[in-house]
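Q: Contents of run.csv (CSV, C-alpha atoms and all ligand atoms) are given next:
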chain,number,residue,atom,x,y,z
Y,1,LEU,CA,-5.2,-21.6,14.9
Y,2,PHE,CA,-7.7,-22.0,12.1
Y,3,ALA,CA,-8.8,-25.5,13.0
Y,4,LYS,CA,-11.7,-24.5,15.2
Y,5,GLU,CA,-14.7,-22.3,14.4
Y,6,CYS,CA,-13.7,-18.7,15.2
Y,7,ASP,CA,-15.9,-16.4,17.3
Y,8,PHE,CA,-17.4,-13.3,15.8
Y,9,VAL,CA,-16.5,-10.8,18.4
Y,10,TRP,CA,-17.9,-7.4,17.5
Y,11,GLY,CA,-19.1,-5.1,14.8
Y,12,ALA,CA,-18.1,-1.5,15.4
Y,13,ASP,CA,-19.9,1.4,13.6
Y,14,ALA,CA,-17.6,3.9,15.2
Y,15,LEU,CA,-14.3,4.2,16.9
Y,16,ASN,CA,-15.8,4.5,20.4
Y,17,GLN,CA,-17.2,1.0,20.0
Y,18,LEU,CA,-14.0,-0.9,19.3
Y,19,PRO,CA,-13.3,-4.1,21.2
Y,20,GLU,CA,-10.4,-4.3,23.5
Y,21,ALA,CA,-7.0,-4.2,21.8
Y,22,ASP,CA,-5.9,-7.4,23.6
Y,23,LEU,CA,-4.6,-9.7,20.7
Y,24,PRO,CA,-2.5,-9.3,17.6
Y,25,GLU,CA,-4.7,-8.2,14.7
Y,26,VAL,CA,-4.7,-8.4,10.9
Y,27,ALA,CA,-6.9,-6.0,8.9
Y,28,PHE,CA,-8.6,-6.9,5.6
Y,29,ALA,CA,-9.0,-4.0,3.1
Y,30,GLY,CA,-10.3,-3.9,-0.4
Y,31,ARG,CA,-12.7,-2.5,-2.9
Y,32,SER,CA,-16.3,-3.5,-2.6
Y,33,ASN,CA,-16.9,-6.9,-4.3
Y,34,VAL,CA,-13.2,-7.8,-4.3
Y,35,GLY,CA,-14.1,-11.0,-2.4
Y,36,LYS,CA,-13.2,-9.9,1.1
Y,37,SER,CA,-16.0,-11.6,2.9
Y,38,SER,CA,-15.4,-14.8,0.9
Y,39,LEU,CA,-11.8,-14.8,1.8
Y,40,VAL,CA,-12.4,-14.2,5.5
Y,41,ASN,CA,-14.9,-17.1,5.4
Y,42,ALA,CA,-12.5,-19.4,3.5
Y,43,LEU,CA,-9.7,-18.7,6.0
Y,44,THR,CA,-11.8,-19.2,9.0
Y,45,GLY,CA,-14.1,-22.0,7.8
Y,46,ARG,CA,-17.2,-19.8,8.5
Y,47,LYS,CA,-20.0,-19.8,6.2
Y,48,THR,CA,-22.2,-17.0,7.3
Y,49,LEU,CA,-20.9,-14.3,9.5
Y,50,ALA,CA,-18.7,-12.4,7.2
Y,51,ARG,CA,-21.7,-11.8,5.0
Y,52,THR,CA,-21.1,-12.0,1.3
Y,53,SER,CA,-23.3,-9.8,-0.8
Y,54,ASN,CA,-23.5,-8.3,-4.2
Y,55,THR,CA,-24.6,-5.0,-2.8
Y,56,PRO,CA,-21.5,-2.9,-2.8
Y,57,GLY,CA,-21.0,-0.7,0.2
Y,58,ARG,CA,-23.3,-2.7,2.4
Y,59,THR,CA,-20.8,-3.7,5.1
Y,60,GLN,CA,-20.0,-0.4,6.8
Y,61,GLN,CA,-18.7,-1.8,10.1
Y,62,LEU,CA,-15.3,-2.9,11.3
Y,63,ASN,CA,-16.0,-6.6,12.0
Y,64,PHE,CA,-13.7,-8.4,14.4
Y,65,PHE,CA,-13.2,-12.2,14.4
Y,66,ASN,CA,-11.4,-14.0,17.2
Y,67,LEU,CA,-9.3,-17.0,16.2
Y,68,GLY,CA,-8.7,-19.1,19.3
Y,69,ASN,CA,-7.9,-16.1,21.5
Y,70,ARG,CA,-4.6,-15.8,19.6
Y,71,LEU,CA,-5.3,-13.5,16.7
Y,72,LYS,CA,-8.1,-11.2,15.5
Y,73,LEU,CA,-9.1,-10.6,11.9
Y,74,VAL,CA,-10.6,-7.2,11.3
Y,75,ASP,CA,-12.8,-7.0,8.2
Y,76,MET,CA,-12.8,-3.3,7.2
Y,77,PRO,CA,-15.6,-1.8,5.1
Y,78,GLY,CA,-15.1,-2.0,1.3
Y,79,TYR,CA,-14.2,1.1,-0.6
Y,80,GLY,CA,-14.4,2.4,-4.1
Y,81,TYR,CA,-18.1,2.0,-4.6
Y,82,ALA,CA,-18.8,4.3,-7.6
Y,83,LYS,CA,-22.0,5.7,-6.3
Y,84,GLU,CA,-20.7,6.6,-2.9
Y,85,SER,CA,-21.0,10.3,-1.9
Y,86,LYS,CA,-17.9,12.3,-1.3
Y,87,GLU,CA,-19.0,12.7,2.3
Y,88,LYS,CA,-19.2,9.0,2.9
Y,89,VAL,CA,-15.8,8.4,1.3
Y,90,GLU,CA,-14.3,11.1,3.5
Y,91,ALA,CA,-15.9,9.6,6.6
Y,92,TRP,CA,-14.6,6.1,5.7
Y,93,ASN,CA,-11.1,7.4,5.1
Y,94,HIS,CA,-11.2,9.3,8.4
Y,95,MET,CA,-12.4,6.3,10.4
Y,96,VAL,CA,-10.0,3.9,8.9
Y,97,ARG,CA,-7.0,6.2,9.2
Y,98,ARG,CA,-7.7,6.9,12.8
Y,99,PHE,CA,-8.3,3.2,13.5
Y,100,LEU,CA,-5.1,2.1,11.9
Y,101,ARG,CA,-3.0,4.8,13.4
Y,102,GLY,CA,-4.3,4.2,16.9
Y,103,ARG,CA,-4.5,0.5,17.0
Y,104,VAL,CA,-1.4,-0.7,18.8
Y,105,THR,CA,-2.2,-4.4,18.2
Y,106,MET,CA,-2.4,-4.0,14.4
Y,107,GLN,CA,0.3,-6.3,13.0
Y,108,ARG,CA,-0.5,-6.4,9.3
Y,109,ALA,CA,-3.0,-5.4,6.7
Y,110,LEU,CA,-4.0,-7.4,3.7
Y,111,VAL,CA,-5.0,-5.3,0.7
Y,112,LEU,CA,-7.2,-7.4,-1.5
Y,113,VAL,CA,-7.1,-6.8,-5.3
Y,114,ASP,CA,-9.2,-8.5,-7.9
Y,115,SER,CA,-6.9,-10.4,-10.2
Y,116,ARG,CA,-9.1,-9.4,-13.2
Y,117,HIS,CA,-8.7,-5.7,-12.5
Y,118,GLY,CA,-5.3,-5.1,-10.9
Y,119,LEU,CA,-4.5,-2.1,-8.7
Y,120,LYS,CA,-6.9,0.8,-9.0
Y,121,PRO,CA,-6.4,4.4,-7.8
Y,122,ASN,CA,-8.3,3.7,-4.5
Y,123,ASP,CA,-6.1,0.7,-3.8
Y,124,GLU,CA,-3.1,3.1,-4.2
Y,125,GLU,CA,-4.8,5.4,-1.8
Y,126,ILE,CA,-5.2,2.8,1.0
Y,127,MET,CA,-1.7,1.7,0.4
Y,128,GLU,CA,-0.4,5.2,0.9
Y,129,MET,CA,-2.5,5.5,4.1
Y,130,LEU,CA,-0.9,2.2,5.3
Y,131,ASP,CA,2.6,3.6,4.4
Y,132,ARG,CA,1.9,6.7,6.4
Y,133,THR,CA,0.5,4.8,9.4
Y,134,ALA,CA,3.4,2.3,9.1
Y,135,VAL,CA,1.2,-0.8,9.1
Y,136,PRO,CA,3.1,-3.5,7.1
Y,137,TYR,CA,0.9,-4.9,4.4
Y,138,VAL,CA,0.6,-7.6,1.8
Y,139,VAL,CA,-1.3,-7.5,-1.4
Y,140,VAL,CA,-3.6,-10.5,-2.1
Y,141,LEU,CA,-4.8,-11.1,-5.6
Y,142,THR,CA,-8.3,-12.6,-5.3
Y,143,LYS,CA,-10.5,-14.7,-7.7
Y,144,ILE,CA,-7.6,-16.2,-9.6
Y,145,ASP,CA,-9.9,-18.9,-10.9
Y,146,LYS,CA,-11.4,-16.2,-13.1
Y,147,VAL,CA,-8.1,-15.4,-15.0
Y,148,LYS,CA,-5.9,-17.3,-17.4
Y,149,PRO,CA,-2.4,-18.2,-16.2
Y,150,ASN,CA,-0.8,-15.7,-18.5
Y,151,GLU,CA,-3.2,-13.0,-17.3
Y,152,LEU,CA,-2.4,-13.8,-13.7
Y,153,ASP,CA,1.3,-13.7,-14.5
Y,154,ALA,CA,0.9,-10.2,-16.0
Y,155,VAL,CA,-1.2,-8.7,-13.2
Y,156,ARG,CA,1.2,-10.3,-10.6
Y,157,LYS,CA,4.3,-8.7,-12.3
Y,158,ALA,CA,2.5,-5.3,-12.6
Y,159,THR,CA,1.4,-5.4,-9.0
Y,160,GLU,CA,4.9,-6.3,-7.7
Y,161,ALA,CA,6.4,-3.5,-9.8
Y,162,ALA,CA,3.9,-1.0,-8.3
Y,163,LEU,CA,4.7,-2.1,-4.8
Y,164,LYS,CA,8.3,-1.0,-5.1
Y,165,LYS,CA,7.0,2.6,-4.5
Y,166,HIS,CA,5.4,1.6,-1.2
Y,167,PRO,CA,7.7,1.5,1.8
Y,168,ALA,CA,5.3,-0.5,4.1
Y,169,ALA,CA,4.4,-3.1,1.5
Y,170,PHE,CA,5.9,-6.6,1.4
Y,171,PRO,CA,7.5,-7.2,-2.0
Y,172,GLU,CA,5.8,-10.7,-2.4
Y,173,ILE,CA,2.1,-11.0,-3.0
Y,174,HIS,CA,-0.4,-13.8,-2.3
Y,175,VAL,CA,-2.7,-15.2,-4.9
Y,176,THR,CA,-6.0,-16.8,-3.9
Y,177,SER,CA,-9.3,-18.3,-4.9
Y,178,SER,CA,-11.8,-18.7,-2.2
Y,179,GLU,CA,-14.1,-20.5,-4.6
Y,180,LYS,CA,-11.5,-23.1,-5.6
Y,181,ASN,CA,-9.6,-23.1,-2.3
Y,182,ILE,CA,-6.3,-21.9,-3.9
Y,183,GLY,CA,-3.6,-20.2,-1.8
Y,184,ILE,CA,-5.8,-20.3,1.3
Y,185,ALA,CA,-3.6,-22.7,3.3
Y,186,GLU,CA,-0.5,-20.6,2.4
Y,187,LEU,CA,-2.2,-17.4,3.6
Y,188,ARG,CA,-3.3,-19.1,6.8
Y,189,ALA,CA,0.2,-20.3,7.5
Y,190,SER,CA,1.6,-16.8,7.0
Y,191,LEU,CA,-1.1,-15.3,9.3
Y,192,ALA,CA,-0.4,-17.9,11.9
Y,193,THR,CA,3.1,-16.6,12.4
Y,194,LEU,CA,1.5,-13.4,13.8
Y,195,ALA,CA,-0.6,-15.1,16.4
Y,196,ALA,CA,0.0,-14.9,20.1
Y,197,GLU,CA,1.4,-17.9,21.9
Y,201,LIG,P1,-16.8,-8.4,-0.7
Y,201,LIG,O1,-17.7,-7.3,-1.1
Y,201,LIG,O2,-15.4,-7.9,-1.0
Y,201,LIG,O3,-17.0,-8.9,0.7
Y,201,LIG,O4,-17.0,-9.6,-1.7
Y,201,LIG,P2,-17.7,-11.0,-1.6
Y,201,LIG,O5,-16.9,-11.9,-0.8
Y,201,LIG,O6,-19.1,-10.7,-1.2
Y,201,LIG,O7,-17.6,-11.5,-3.1
Y,201,LIG,C1,-18.2,-10.7,-4.1
Y,201,LIG,C2,-18.6,-11.7,-5.3
Y,201,LIG,O8,-17.4,-12.3,-5.8
Y,201,LIG,C3,-19.5,-12.8,-4.8
Y,201,LIG,O9,-20.4,-13.0,-5.9
Y,201,LIG,C4,-18.6,-14.0,-4.6
Y,201,LIG,O10,-19.3,-15.2,-4.8
Y,201,LIG,C5,-17.6,-13.7,-5.7
Y,201,LIG,N1,-16.3,-14.3,-5.3
Y,201,LIG,C6,-15.6,-14.1,-4.1
Y,201,LIG,N2,-14.4,-14.8,-4.1
Y,201,LIG,C7,-14.4,-15.5,-5.3
Y,201,LIG,C8,-13.4,-16.4,-5.9
Y,201,LIG,O11,-12.4,-16.7,-5.3
Y,201,LIG,N3,-13.7,-16.8,-7.2
Y,201,LIG,C9,-14.8,-16.5,-7.8
Y,201,LIG,N4,-15.0,-17.0,-9.1
Y,201,LIG,N5,-15.8,-15.7,-7.3
Y,201,LIG,C10,-15.5,-15.2,-6.1
For the structure just supplied, provide its representation as structure tokens.

A:
Amino acid sequence: LFAKECDFVWGADALNQLPEADLPEVAFAGRSNVGKSSLVNALTGRKTLARTSNTPGRTQQLNFFNLGNRLKLVDMPGYGYAKESKEKVEAWNHMVRRFLRGRVTMQRALVLVDSRHGLKPNDEEIMEMLDRTAVPYVVVLTKIDKVKPNELDAVRKATEAALKKHPAAFPEIHVTSSEKNIGIAELRASLATLAAE
């Protein structure tokens, strides 16, 4: 599934620009700078198209990646950028909620959380949105090369405890480093189970 270069399908600025819902899909959510583009790139072997940047809030599109015509990854815009206006936050929430609710092919969401910071209030908000839209989701702790083993253990336990309040969350979490290629193969294997024949 991940062996070949994937195709970048489409970037949608608005819900009337979505590509056809013709394959199982996995959505990626997370605060700006959590390492979302890096993770999509690490999973797919791409170097460029999921653009990494240090400019928070820059990717405002829903970006779709086609993996061998069997699965699509959907990179959703990052949230929680401190300087964002209330209107933009509202617009983001509205678009994502409507997208997730209406997307019949959406199989799973990955909620990325920086292992240095743990869950923040806006992560809780997206998880509540996913609970309400009944999209099953998994938390992925990112950048684990940046924390000590005991810190990782603590953030992992705290996150798993917090997930008990969330009906659509899987109890187990993934831990990854895109930089050091940790946990990437395991995450690929779990996503591969969602792919079409
Ligand atoms: P996005 O805004 O969520 O798409 O985040 P990016 O993928 O652009 O990453 C934000 C910053 O974190 C960049 O400087 C990346 O190089 C860095 N980064 C991403 N993943 C990792 C990781 O696994 N380890 C480390 N040390 N840095 C990472």

Q: Just checking: using all atoms listed in the file, which residue out of Y:Leu67, Y:Ala196, Y:Ala29, Y:Leu43 ends up closest to ligand LIG 201 (chain Y)?

A: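 Closest to ligand LIG 201 (chain Y), using all atoms listed in the file: Y:Ala29.
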
Q: Could you check which of Y:Glu25, Y:Glu172, Y:Glu20, Y:Glu125 is closest to Y:Val89, using only C-alpha atoms?

A: Y:Glu125

Q: List every residue of chain Y that has an atom at most 7 Å from any atom of ligand LIG 201 (chain Y), giving for each one its closest atom pair and the distance in Å to one decimal, counting all atoms listed in the file, sorted by chain and then by ascending residue number, as JSON lines.

A:
{"residue": "Y:Gly30", "atom": "CA", "partner": "Y:LIG201", "partner_atom": "O2", "distance": 6.5}
{"residue": "Y:Arg31", "atom": "CA", "partner": "Y:LIG201", "partner_atom": "O2", "distance": 6.3}
{"residue": "Y:Ser32", "atom": "CA", "partner": "Y:LIG201", "partner_atom": "O1", "distance": 4.3}
{"residue": "Y:Asn33", "atom": "CA", "partner": "Y:LIG201", "partner_atom": "O1", "distance": 3.3}
{"residue": "Y:Val34", "atom": "CA", "partner": "Y:LIG201", "partner_atom": "O2", "distance": 4.0}
{"residue": "Y:Gly35", "atom": "CA", "partner": "Y:LIG201", "partner_atom": "O4", "distance": 3.3}
{"residue": "Y:Lys36", "atom": "CA", "partner": "Y:LIG201", "partner_atom": "O2", "distance": 3.6}
{"residue": "Y:Ser37", "atom": "CA", "partner": "Y:LIG201", "partner_atom": "O3", "distance": 3.6}
{"residue": "Y:Ser38", "atom": "CA", "partner": "Y:LIG201", "partner_atom": "O5", "distance": 3.7}
{"residue": "Y:Leu39", "atom": "CA", "partner": "Y:LIG201", "partner_atom": "O5", "distance": 6.4}
{"residue": "Y:Arg51", "atom": "CA", "partner": "Y:LIG201", "partner_atom": "O6", "distance": 6.8}
{"residue": "Y:Thr52", "atom": "CA", "partner": "Y:LIG201", "partner_atom": "O6", "distance": 3.5}
{"residue": "Y:Ser53", "atom": "CA", "partner": "Y:LIG201", "partner_atom": "O6", "distance": 4.3}
{"residue": "Y:Asn54", "atom": "CA", "partner": "Y:LIG201", "partner_atom": "C1", "distance": 5.8}
{"residue": "Y:Pro56", "atom": "CA", "partner": "Y:LIG201", "partner_atom": "O1", "distance": 6.1}
{"residue": "Y:Gly78", "atom": "CA", "partner": "Y:LIG201", "partner_atom": "O2", "distance": 6.3}
{"residue": "Y:Thr142", "atom": "CA", "partner": "Y:LIG201", "partner_atom": "O11", "distance": 5.8}
{"residue": "Y:Lys143", "atom": "CA", "partner": "Y:LIG201", "partner_atom": "O11", "distance": 3.7}
{"residue": "Y:Ile144", "atom": "CA", "partner": "Y:LIG201", "partner_atom": "O11", "distance": 6.5}
{"residue": "Y:Asp145", "atom": "CA", "partner": "Y:LIG201", "partner_atom": "N3", "distance": 5.7}
{"residue": "Y:Lys146", "atom": "CA", "partner": "Y:LIG201", "partner_atom": "N4", "distance": 5.4}
{"residue": "Y:Thr176", "atom": "CA", "partner": "Y:LIG201", "partner_atom": "O11", "distance": 6.6}
{"residue": "Y:Ser177", "atom": "CA", "partner": "Y:LIG201", "partner_atom": "O11", "distance": 3.5}
{"residue": "Y:Ser178", "atom": "CA", "partner": "Y:LIG201", "partner_atom": "O11", "distance": 3.7}
{"residue": "Y:Glu179", "atom": "CA", "partner": "Y:LIG201", "partner_atom": "O11", "distance": 4.2}
{"residue": "Y:Lys180", "atom": "CA", "partner": "Y:LIG201", "partner_atom": "O11", "distance": 6.5}

Q: Okay, now the selection with C-alpha atoms, as an mmCIF file, keeping the file's coordinate frame?

A:
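Contents of the output file out_29.cif:
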data_model
loop_
_atom_site.group_PDB
_atom_site.id
_atom_site.type_symbol
_atom_site.label_atom_id
_atom_site.label_comp_id
_atom_site.auth_asym_id
_atom_site.auth_seq_id
_atom_site.Cartn_x
_atom_site.Cartn_y
_atom_site.Cartn_z
ATOM 1 C CA GLY Y 30 -10.300 -3.900 -0.400
ATOM 2 C CA ARG Y 31 -12.700 -2.500 -2.900
ATOM 3 C CA SER Y 32 -16.300 -3.500 -2.600
ATOM 4 C CA ASN Y 33 -16.900 -6.900 -4.300
ATOM 5 C CA VAL Y 34 -13.200 -7.800 -4.300
ATOM 6 C CA GLY Y 35 -14.100 -11.000 -2.400
ATOM 7 C CA LYS Y 36 -13.200 -9.900 1.100
ATOM 8 C CA SER Y 37 -16.000 -11.600 2.900
ATOM 9 C CA SER Y 38 -15.400 -14.800 0.900
ATOM 10 C CA LEU Y 39 -11.800 -14.800 1.800
ATOM 11 C CA ARG Y 51 -21.700 -11.800 5.000
ATOM 12 C CA THR Y 52 -21.100 -12.000 1.300
ATOM 13 C CA SER Y 53 -23.300 -9.800 -0.800
ATOM 14 C CA ASN Y 54 -23.500 -8.300 -4.200
ATOM 15 C CA PRO Y 56 -21.500 -2.900 -2.800
ATOM 16 C CA GLY Y 78 -15.100 -2.000 1.300
ATOM 17 C CA THR Y 142 -8.300 -12.600 -5.300
ATOM 18 C CA LYS Y 143 -10.500 -14.700 -7.700
ATOM 19 C CA ILE Y 144 -7.600 -16.200 -9.600
ATOM 20 C CA ASP Y 145 -9.900 -18.900 -10.900
ATOM 21 C CA LYS Y 146 -11.400 -16.200 -13.100
ATOM 22 C CA THR Y 176 -6.000 -16.800 -3.900
ATOM 23 C CA SER Y 177 -9.300 -18.300 -4.900
ATOM 24 C CA SER Y 178 -11.800 -18.700 -2.200
ATOM 25 C CA GLU Y 179 -14.100 -20.500 -4.600
ATOM 26 C CA LYS Y 180 -11.500 -23.100 -5.600
#

Q: Which polymer residues have any atom within 8 Å of an atom of stretch 101-108 of chain Y, counting all atoms listed in the file, with same-chain residues fewer than 4 positions away left out, as a PyMOL selection string?

A: chain Y and resi 21-27+97+133+135-138+194

Q: List the neighbours of Y:Arg188 out to 12 Å using all atoms listed in the file; skip same-chain residues closer than 2 positions along the sequence, and give me the result as a PyMOL selection string.

A: chain Y and resi 1-3+26+39-45+67+71+73+174+176+181-186+190-195

Q: For Y:Ala14, which residue among Y:His94, Y:Arg70, Y:His117, Y:Lys165 is the nearest when counting all atoms listed in the file?

A: Y:His94

Q: Using all atoms listed in the file - which residues lie no farther than 9 Å from the point (-18.5, -4.9, 10.0) in the file's frame? Write them as a list in words.

A: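 Those residues, ordered by chain and then number, are Trp10, Gly11, Ala12, Asp13, Ala50, Thr59, Gln60, Gln61, Leu62, Asn63, Phe64, Val74, Asp75, Met76 and Pro77 of chain Y.
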
Q: Atoms to include: C-alpha atoms. Write the selected residues as a PDB file, in the coordinates of the input.

A:
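And here is the file that came out, selection.pdb:
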ATOM      1  CA  TRP Y  10     -17.900  -7.400  17.500  1.00  0.00           C
ATOM      2  CA  GLY Y  11     -19.100  -5.100  14.800  1.00  0.00           C
ATOM      3  CA  ALA Y  12     -18.100  -1.500  15.400  1.00  0.00           C
ATOM      4  CA  ASP Y  13     -19.900   1.400  13.600  1.00  0.00           C
ATOM      5  CA  ALA Y  50     -18.700 -12.400   7.200  1.00  0.00           C
ATOM      6  CA  THR Y  59     -20.800  -3.700   5.100  1.00  0.00           C
ATOM      7  CA  GLN Y  60     -20.000  -0.400   6.800  1.00  0.00           C
ATOM      8  CA  GLN Y  61     -18.700  -1.800  10.100  1.00  0.00           C
ATOM      9  CA  LEU Y  62     -15.300  -2.900  11.300  1.00  0.00           C
ATOM     10  CA  ASN Y  63     -16.000  -6.600  12.000  1.00  0.00           C
ATOM     11  CA  PHE Y  64     -13.700  -8.400  14.400  1.00  0.00           C
ATOM     12  CA  VAL Y  74     -10.600  -7.200  11.300  1.00  0.00           C
ATOM     13  CA  ASP Y  75     -12.800  -7.000   8.200  1.00  0.00           C
ATOM     14  CA  MET Y  76     -12.800  -3.300   7.200  1.00  0.00           C
ATOM     15  CA  PRO Y  77     -15.600  -1.800   5.100  1.00  0.00           C
TER      16      PRO Y  77
END

Q: Measuring atom to atom with all atoms listed in the file, identify which of Y:Ala168, Y:Leu119, Y:Ala109, Y:Val139 is nearest to Y:Val155.

A: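 Closest to Y:Val155, using all atoms listed in the file: Y:Leu119.
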
Q: Rounded to one decimal in Å, what is the spacing between atom CA of Y:Leu130 and atom CA of Y:Val96?

A: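 These atoms are spaced 9.9 Å apart.
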
Q: Could you tell me which of Y:Phe28, Y:Tyr79, Y:Phe99, Y:Phe8 comes closest to Y:Val111 if we count only C-alpha atoms?

A: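 Smallest separation from Y:Val111 among the options: Y:Phe28.
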
Q: From the list Y:Leu152, Y:Ala162, Y:Arg98, Y:Leu112, which residue is nearest Y:Arg132 when using all atoms listed in the file?

A: Y:Arg98

Q: If you measure from atom CA of Y:Pro149 to atom CA of Y:Met127, what distance in Å do you get, rounded to one decimal?

A: 25.9 Å

Q: Report the distance between atom CA of Y:Val140 and atom CA of Y:Arg156 in Å, rounded to one decimal place.

A: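 We find that atom CA of Y:Val140 and atom CA of Y:Arg156 lie 9.8 Å from each other.
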